[in-house]
Structures are given as C-alpha cells and as structure tokens.
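*Asks:* Here's a structure for you.
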Amino acid sequence: MTDLRFDGRVAIVTGAGGGLGREYALLLASRGAKVVVNDLGGSVTGDGADTGPAEAVAREIRDHGGEAVADTGDVATPDGGESLVRAALDTYGRVDILVNNAGILRDALLEDMTPELLDPVLDVHVKALFHVTRPAWRLMREQSYGRVINTTSAAGLLGSPHKSNYGTAKAGVAGFTRVLAVEGAEHGIRVNAIAPIAATRMLVQHLGGNTRLDPAATAMMDAIVGKLDPALVAPVVAFLAHENCPVTGEIFTAGAGQVARFFTSRTAGYHNPSLSIEDVRDHLAQIRDETGYTVPAGPGEEITQLLRVVAAQP
C-alpha cells in the first residue's frame, strides 16, 4: 500500500503552537501539506498572548524541508477567523483542510460558574468554529472539496464534573459536526470530529484540579499519562483530513494508540398510543433496554423509525 500524502494540499490548524495541534501540523507537513500554524499563544485558561509558539512550530516545519507560515490571530473573534483563512489564501492560494483544535479550560462547579468562566470557553470552542469554518467553507464549496476536523471531548459526550462550560461547548462541537457533514456532502466536503486523550497541558490542568479521583484512580492515571503521547492522536486526524477518507459526520476517540468510534444510538423503546405517566414508570426498563438499538443517520431516519412503530399498531 502506498503512503497517504498531502502534496498540493493546504491545511489550517488552530491551536497548533503546542500539544496536539503541533503534532497535527508536523505530521501533515511531513506528508507534503502546506500548513498555516495558528496559535494565539495564550495560557491554558486563555489568558495572555505570545507569537512565539506558532512561529516556532512553523519554523520547525520549514527546518525539516516543509512549507508553513505562522498566524497568531484570535480565532474566537470574527476578524481573527477571517484573517486566518485570508492568510492561507494569500500565501498558498487555497484551503483544503481545516483542523479546529484551539481550546481553553476554565473549570468550576456549576454553583461557582460565572460569565467570566463561561463566555471565553464558549468563544474559543464554539464561536471560533463559526468564525474560522465559515470563510474556509466558502472556499471549499467553490473548489468542491474540503476536509474539516473538529475537536470534541468525552467531557461533552459523556459528562465530567467541574466542566459545565467546557462540556456544553464540546457537545455543541458534536452537533456542529453532524450538521456540517450533511450540508457539505453534496459539495465534496467531509466533516468529522476527534475526541482526543493525550498528555497535554489541558489534561494536566484537569487532573490537577480534579479532587474527586480516589487514590487508586489517581495512581492509574499517573501510570497511563506516560503512554498518552499526543503524536499517537495525529494519525487519526491526518487520515480524516485525507482525500481517501470515506466517512463524514462521525466522532472518533483516540489515545495511546487506540482508536474507537463514538456514536448516538436509539433503543427500540416502548409504544402506547394512549401513553400515560404511569406507562413511562412501568415500562422504564423496556424504554432503556439497549437490545436491538439502532443508529439513525439523522433526524429524518429517527422519525421514520417512529412512524414504522406507529403504523404497525392495529
């Protein structure tokens, strides 16, 4: 089998000044992609700015014979998103791949959650998707080709304490991914998401503030962190960014060299045309029974399943 390459392709990677984003940028560039390395250079909580990280990664790529430029704009703003995509267009003439990776943490219990903790997280994780993806999307539609990889998290898909802001944002990323997969299908644009597990400063921040882990769980995490090399997530992102990637609208979790798929399923459930509160109570086990679950491709298919059940009743 031939190696998967990205010769002639142009990629934008946000949050690429370190951690996961840096590994994505380095791998794509090593396989021939021209990369725009975006990073504001702020702290893990989103404070401050530094042009150094993005410029260092772009320089590292160039030192290894690749092509890359740095962008230090704030993707949480409309101007920052437009400017980033314009930089890619002005430098390389097109945009084929967009990896929405930038992120911050501002953890707190719900009762302690304030606008100062909520709004910046939503800005970076959700609004930035619109600010960067919309201008890139226009270019991808015009060329009838594109690959978008978004970053969600188990914190949003499964829930995690102290992360009502972050979890809400990451659940929103999953919905955004599904919608764009549908909208992009007829234009040659495929959109997927990654839920990475890697030893980055965000994981360190999470573990440092998580007082709910018991000693055994803490010991287990300490043992596994050494195996969570961010470079082991990058191949999944790179495959999703490749022209040969056959899937769209899906979410993959990756960490320590293991790759799996997250999906939303629907149980067979219980039906009664005269449904009452007591029916829900009495048939809760049947409603929740996962035997014979299905994975609807979209709302239309989910409604079709409902209509089949209704039509089957005498």
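Chain labels A, B, ... are given in the sequence in which chains occur in the structure tokens; within each chain residues are numbered consecutively from 1, and ligands are likewise numbered from 1 in the order shown.
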Tell me which protein, DNA and RNA residues are within 9 Å of Leu40 in chain A, counting only C-alpha atoms, leaving out same-chain ones fewer than 3 positions away, and put them as a PyMOL selection string.

*Replies:* chain A and resi 14-15+17+46+48-51+53-54+71-75

*Asks:* Please provide as a PyMOL selection string all residues within 8 Å of Arg178 in chain A, with the sequence filter that same-chain residues fewer than 2 positions apart are discarded (counting only C-alpha atoms).

*Replies:* chain A and resi 174-176+180-182+191-192+249-250

*Asks:* Those same residues, written as a short mmCIF file (atom, residue, chain, number, x, y, z; two decimals), in the first residue's frame with C-alpha atoms?

*Replies:*
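out09.cif, freshly written:
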data_model
loop_
_atom_site.label_atom_id
_atom_site.label_comp_id
_atom_site.auth_asym_id
_atom_site.auth_seq_id
_atom_site.Cartn_x
_atom_site.Cartn_y
_atom_site.Cartn_z
CA ALA A 174 -20.52 17.33 18.05
CA GLY A 175 -23.78 18.86 16.83
CA PHE A 176 -21.92 21.32 14.60
CA LEU A 180 -21.91 20.37 8.50
CA ALA A 181 -21.46 16.77 7.38
CA VAL A 182 -24.96 16.91 5.94
CA VAL A 191 -16.57 16.76 8.30
CA ASN A 192 -15.64 14.61 11.26
CA GLY A 249 -20.28 13.13 10.36
CA GLU A 250 -18.54 10.71 12.68
#

*Asks:* Can you pull out the residues contacting range 80-94 of chain A? Cut-off 8 Å, using only C-alpha atoms, and skip same-chain residues under 4 positions away; I want them as a PyMOL selection string.

*Replies:* chain A and resi 10+12+34+36+38+71+73-76+128+131-133+135-136+139

*Asks:* Can you list, as number ranges by chain, every protein, DNA or RNA residue that comes within 9 Å of range 237-239 of chain A when you count only C-alpha atoms, leaving out same-chain residues fewer than 4 positions away?

*Replies:* A: 4, 24, 27-28, 99, 149, 193-194, 233, 243-245

*Asks:* Name all residues at most 8 Å from Leu122 in chain A (count only C-alpha atoms; drop same-chain ones fewer than 6 positions away) and give them as a list in words.

*Replies:*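 Everything that qualifies: Asn165, Tyr166 and Ala169 of chain A.
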
*Asks:* Could you save the residues just selected, with C-alpha atoms, as a short mmCIF file (atom, residue, chain, number, x, y, z; two decimals), in the first residue's frame?

*Replies:*
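What follows is the written file selection-v8.cif:
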data_model
loop_
_atom_site.label_atom_id
_atom_site.label_comp_id
_atom_site.auth_asym_id
_atom_site.auth_seq_id
_atom_site.Cartn_x
_atom_site.Cartn_y
_atom_site.Cartn_z
CA ASN A 165 -18.94 25.26 30.40
CA TYR A 166 -16.43 23.04 28.59
CA ALA A 169 -19.14 23.62 24.34
#

*Asks:* Which residue gives the smallest distance to Val179 in chain A among A:His162, A:Ala311, A:Gly298, A:Ala241, with only C-alpha atoms counted?

*Replies:*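 For Val179 in chain A, the nearest of the candidates is A:Gly298.
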
*Asks:* What is the distance between CA of Ala297 in chain A and CA of Thr151 in chain A, in Å to one decimal?

*Replies:*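 A separation of 20.4 Å between them.
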
*Asks:* Go through range 31-181 of chain A and collect every residue that DSSP, computed from the backbone, puts in helix (DSSP H, G or I); the answer should be as number ranges by chain.

*Replies:* A: 52-63, 78-92, 110-112, 115-143, 154-157, 164-181

*Asks:* Write the residues of the selection above to a file with C-alpha atoms, as a PDB file, in the first residue's frame.

*Replies:*
ATOM      1  CA  GLY A  52       6.455  32.534  19.870  1.00  0.00           C
ATOM      2  CA  PRO A  53       4.688  29.138  19.837  1.00  0.00           C
ATOM      3  CA  ALA A  54       3.117  29.445  16.363  1.00  0.00           C
ATOM      4  CA  GLU A  55       6.293  30.851  14.873  1.00  0.00           C
ATOM      5  CA  ALA A  56       8.394  28.098  16.485  1.00  0.00           C
ATOM      6  CA  VAL A  57       6.250  25.309  15.000  1.00  0.00           C
ATOM      7  CA  ALA A  58       6.209  26.926  11.552  1.00  0.00           C
ATOM      8  CA  ARG A  59       9.984  27.297  11.715  1.00  0.00           C
ATOM      9  CA  GLU A  60      10.352  23.664  12.804  1.00  0.00           C
ATOM     10  CA  ILE A  61       8.366  22.556   9.766  1.00  0.00           C
ATOM     11  CA  ARG A  62      10.470  24.683   7.432  1.00  0.00           C
ATOM     12  CA  ASP A  63      13.702  23.442   9.028  1.00  0.00           C
ATOM     13  CA  PRO A  78     -14.845  37.101  13.583  1.00  0.00           C
ATOM     14  CA  ASP A  79     -11.907  39.203  12.388  1.00  0.00           C
ATOM     15  CA  GLY A  80      -9.427  36.608  13.622  1.00  0.00           C
ATOM     16  CA  GLY A  81     -11.175  33.814  11.745  1.00  0.00           C
ATOM     17  CA  GLU A  82     -11.440  35.766   8.504  1.00  0.00           C
ATOM     18  CA  SER A  83      -7.824  36.902   8.780  1.00  0.00           C
ATOM     19  CA  LEU A  84      -6.591  33.335   9.326  1.00  0.00           C
ATOM     20  CA  VAL A  85      -8.332  31.982   6.238  1.00  0.00           C
ATOM     21  CA  ARG A  86      -7.215  35.009   4.215  1.00  0.00           C
ATOM     22  CA  ALA A  87      -3.617  34.334   5.265  1.00  0.00           C
ATOM     23  CA  ALA A  88      -3.865  30.787   3.928  1.00  0.00           C
ATOM     24  CA  LEU A  89      -5.432  32.002   0.689  1.00  0.00           C
ATOM     25  CA  ASP A  90      -2.937  34.822   0.167  1.00  0.00           C
ATOM     26  CA  THR A  91       0.042  32.570   0.918  1.00  0.00           C
ATOM     27  CA  TYR A  92      -0.934  29.315  -0.731  1.00  0.00           C
ATOM     28  CA  LEU A 110     -21.903  24.919  38.445  1.00  0.00           C
ATOM     29  CA  GLU A 111     -22.647  26.983  41.552  1.00  0.00           C
ATOM     30  CA  ASP A 112     -19.326  28.765  41.053  1.00  0.00           C
ATOM     31  CA  PRO A 115     -19.786  34.688  32.935  1.00  0.00           C
ATOM     32  CA  GLU A 116     -16.019  35.189  33.135  1.00  0.00           C
ATOM     33  CA  LEU A 117     -15.587  31.410  33.257  1.00  0.00           C
ATOM     34  CA  LEU A 118     -18.346  30.579  30.765  1.00  0.00           C
ATOM     35  CA  ASP A 119     -18.085  33.092  27.935  1.00  0.00           C
ATOM     36  CA  PRO A 120     -14.395  32.674  26.971  1.00  0.00           C
ATOM     37  CA  VAL A 121     -14.786  28.885  26.822  1.00  0.00           C
ATOM     38  CA  LEU A 122     -17.809  29.148  24.538  1.00  0.00           C
ATOM     39  CA  ASP A 123     -15.972  31.754  22.440  1.00  0.00           C
ATOM     40  CA  VAL A 124     -12.932  29.546  21.821  1.00  0.00           C
ATOM     41  CA  HIS A 125     -14.639  26.173  21.475  1.00  0.00           C
ATOM     42  CA  VAL A 126     -17.911  27.083  19.761  1.00  0.00           C
ATOM     43  CA  LYS A 127     -17.888  30.571  18.269  1.00  0.00           C
ATOM     44  CA  ALA A 128     -14.420  30.020  16.816  1.00  0.00           C
ATOM     45  CA  LEU A 129     -15.847  27.124  14.802  1.00  0.00           C
ATOM     46  CA  PHE A 130     -18.134  29.576  13.041  1.00  0.00           C
ATOM     47  CA  HIS A 131     -15.530  32.328  12.736  1.00  0.00           C
ATOM     48  CA  VAL A 132     -12.953  30.073  11.058  1.00  0.00           C
ATOM     49  CA  THR A 133     -15.059  27.429   9.333  1.00  0.00           C
ATOM     50  CA  ARG A 134     -17.447  29.844   7.551  1.00  0.00           C
ATOM     51  CA  PRO A 135     -14.774  31.618   5.457  1.00  0.00           C
ATOM     52  CA  ALA A 136     -12.941  28.329   4.854  1.00  0.00           C
ATOM     53  CA  TRP A 137     -16.253  26.686   3.903  1.00  0.00           C
ATOM     54  CA  ARG A 138     -16.843  29.224   1.138  1.00  0.00           C
ATOM     55  CA  LEU A 139     -13.525  28.302  -0.441  1.00  0.00           C
ATOM     56  CA  MET A 140     -14.155  24.590  -0.070  1.00  0.00           C
ATOM     57  CA  ARG A 141     -17.553  24.872  -1.721  1.00  0.00           C
ATOM     58  CA  GLU A 142     -16.072  26.797  -4.636  1.00  0.00           C
ATOM     59  CA  GLN A 143     -13.467  24.091  -5.243  1.00  0.00           C
ATOM     60  CA  ALA A 154     -15.696  12.919  26.381  1.00  0.00           C
ATOM     61  CA  ALA A 155     -16.456  15.744  28.805  1.00  0.00           C
ATOM     62  CA  GLY A 156     -19.229  16.840  26.462  1.00  0.00           C
ATOM     63  CA  LEU A 157     -20.251  13.437  25.129  1.00  0.00           C
ATOM     64  CA  SER A 164     -20.383  22.523  32.660  1.00  0.00           C
ATOM     65  CA  ASN A 165     -18.940  25.259  30.403  1.00  0.00           C
ATOM     66  CA  TYR A 166     -16.433  23.042  28.594  1.00  0.00           C
ATOM     67  CA  GLY A 167     -18.801  20.063  28.358  1.00  0.00           C
ATOM     68  CA  THR A 168     -21.555  22.247  26.904  1.00  0.00           C
ATOM     69  CA  ALA A 169     -19.142  23.623  24.345  1.00  0.00           C
ATOM     70  CA  LYS A 170     -17.832  20.202  23.339  1.00  0.00           C
ATOM     71  CA  ALA A 171     -21.333  18.774  22.987  1.00  0.00           C
ATOM     72  CA  GLY A 172     -22.025  21.719  20.699  1.00  0.00           C
ATOM     73  CA  VAL A 173     -18.996  20.771  18.601  1.00  0.00           C
ATOM     74  CA  ALA A 174     -20.518  17.325  18.049  1.00  0.00           C
ATOM     75  CA  GLY A 175     -23.776  18.862  16.828  1.00  0.00           C
ATOM     76  CA  PHE A 176     -21.923  21.317  14.598  1.00  0.00           C
ATOM     77  CA  THR A 177     -20.001  18.419  13.065  1.00  0.00           C
ATOM     78  CA  ARG A 178     -23.129  16.440  12.271  1.00  0.00           C
ATOM     79  CA  VAL A 179     -24.878  19.403  10.666  1.00  0.00           C
ATOM     80  CA  LEU A 180     -21.915  20.367   8.505  1.00  0.00           C
ATOM     81  CA  ALA A 181     -21.460  16.767   7.384  1.00  0.00           C
TER      82      ALA A 181
END

*Asks:* A:Val310, A:Leu240, A:Ala195, A:Leu228: which is nearest Ala260 in chain A, counting only C-alpha atoms?

*Replies:* A:Ala195

*Asks:* What's the 8 Å shell around Gly146 in chain A, counting only C-alpha atoms, without same-chain residues fewer than 2 positions away, as a PyMOL selection string?

*Replies:* chain A and resi 95-97+137+140-141+144+148+188-190

*Asks:* Limited to N, CA and C atoms, could you put the picked residues into a file as a PDB file, in the first residue's frame?

*Replies:*
ATOM      1  N   VAL A  95      -7.554  26.502   0.419  1.00  0.00           N
ATOM      2  CA  VAL A  95      -7.662  25.837   1.719  1.00  0.00           C
ATOM      3  C   VAL A  95      -8.353  24.503   1.487  1.00  0.00           C
ATOM      4  N   ASP A  96      -7.668  23.410   1.807  1.00  0.00           N
ATOM      5  CA  ASP A  96      -8.225  22.077   1.624  1.00  0.00           C
ATOM      6  C   ASP A  96      -8.611  21.419   2.932  1.00  0.00           C
ATOM      7  N   ILE A  97      -7.880  21.736   3.989  1.00  0.00           N
ATOM      8  CA  ILE A  97      -8.041  21.061   5.274  1.00  0.00           C
ATOM      9  C   ILE A  97      -8.129  22.100   6.381  1.00  0.00           C
ATOM     10  N   TRP A 137     -15.179  27.439   4.558  1.00  0.00           N
ATOM     11  CA  TRP A 137     -16.253  26.686   3.903  1.00  0.00           C
ATOM     12  C   TRP A 137     -16.568  27.262   2.520  1.00  0.00           C
ATOM     13  N   MET A 140     -13.990  26.018   0.183  1.00  0.00           N
ATOM     14  CA  MET A 140     -14.155  24.590  -0.070  1.00  0.00           C
ATOM     15  C   MET A 140     -15.327  24.312  -0.998  1.00  0.00           C
ATOM     16  N   ARG A 141     -16.397  25.045  -0.825  1.00  0.00           N
ATOM     17  CA  ARG A 141     -17.553  24.872  -1.721  1.00  0.00           C
ATOM     18  C   ARG A 141     -17.200  25.250  -3.146  1.00  0.00           C
ATOM     19  N   SER A 144     -15.239  22.538  -4.581  1.00  0.00           N
ATOM     20  CA  SER A 144     -15.919  21.236  -4.463  1.00  0.00           C
ATOM     21  C   SER A 144     -15.051  20.198  -3.758  1.00  0.00           C
ATOM     22  N   VAL A 148     -12.834  18.908   7.041  1.00  0.00           N
ATOM     23  CA  VAL A 148     -12.882  19.649   8.298  1.00  0.00           C
ATOM     24  C   VAL A 148     -12.855  18.655   9.441  1.00  0.00           C
ATOM     25  N   GLY A 188     -18.558  17.786  -1.793  1.00  0.00           N
ATOM     26  CA  GLY A 188     -17.267  17.134  -1.664  1.00  0.00           C
ATOM     27  C   GLY A 188     -16.536  17.472  -0.382  1.00  0.00           C
ATOM     28  N   ILE A 189     -17.279  17.944   0.615  1.00  0.00           N
ATOM     29  CA  ILE A 189     -16.674  18.317   1.895  1.00  0.00           C
ATOM     30  C   ILE A 189     -17.062  17.276   2.940  1.00  0.00           C
ATOM     31  N   ARG A 190     -16.085  16.724   3.607  1.00  0.00           N
ATOM     32  CA  ARG A 190     -16.342  15.752   4.662  1.00  0.00           C
ATOM     33  C   ARG A 190     -15.911  16.345   6.004  1.00  0.00           C
TER      34      ARG A 190
END

*Asks:* Find the residues near Pro273 in chain A: any atom within 12 Å, counting only C-alpha atoms, skip ones fewer than 6 places away on the same chain, and give them as a PDB file with N, CA and C atoms, in the first residue's frame.

*Replies:*
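The result, written out as out_2.pdb:
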ATOM      1  N   ASP A 279     -47.388   4.709  32.435  1.00  0.00           N
ATOM      2  CA  ASP A 279     -46.799   3.834  31.419  1.00  0.00           C
ATOM      3  C   ASP A 279     -45.282   4.029  31.359  1.00  0.00           C
ATOM      4  N   LEU A 306     -39.905   5.974  14.115  1.00  0.00           N
ATOM      5  CA  LEU A 306     -41.103   6.219  14.920  1.00  0.00           C
ATOM      6  C   LEU A 306     -42.367   5.908  14.112  1.00  0.00           C
ATOM      7  N   VAL A 309     -43.166   2.243  13.860  1.00  0.00           N
ATOM      8  CA  VAL A 309     -43.771   1.689  15.068  1.00  0.00           C
ATOM      9  C   VAL A 309     -45.246   2.056  15.144  1.00  0.00           C
ATOM     10  N   VAL A 310     -45.549   3.307  14.858  1.00  0.00           N
ATOM     11  CA  VAL A 310     -46.940   3.776  14.911  1.00  0.00           C
ATOM     12  C   VAL A 310     -47.803   3.035  13.873  1.00  0.00           C
ATOM     13  N   ALA A 311     -47.254   2.876  12.665  1.00  0.00           N
ATOM     14  CA  ALA A 311     -48.016   2.222  11.592  1.00  0.00           C
ATOM     15  C   ALA A 311     -48.259   0.755  11.874  1.00  0.00           C
ATOM     16  N   ALA A 312     -47.403   0.149  12.659  1.00  0.00           N
ATOM     17  CA  ALA A 312     -47.548  -1.287  12.967  1.00  0.00           C
ATOM     18  C   ALA A 312     -48.621  -1.560  13.990  1.00  0.00           C
ATOM     19  N   GLN A 313     -49.104  -0.521  14.664  1.00  0.00           N
ATOM     20  CA  GLN A 313     -50.143  -0.724  15.668  1.00  0.00           C
ATOM     21  C   GLN A 313     -51.512  -0.893  15.002  1.00  0.00           C
ATOM     22  N   PRO A 314     -52.343  -1.789  15.513  1.00  0.00           N
ATOM     23  CA  PRO A 314     -53.683  -2.001  14.930  1.00  0.00           C
ATOM     24  C   PRO A 314     -54.554  -0.764  15.125  1.00  0.00           C
TER      25      PRO A 314
END
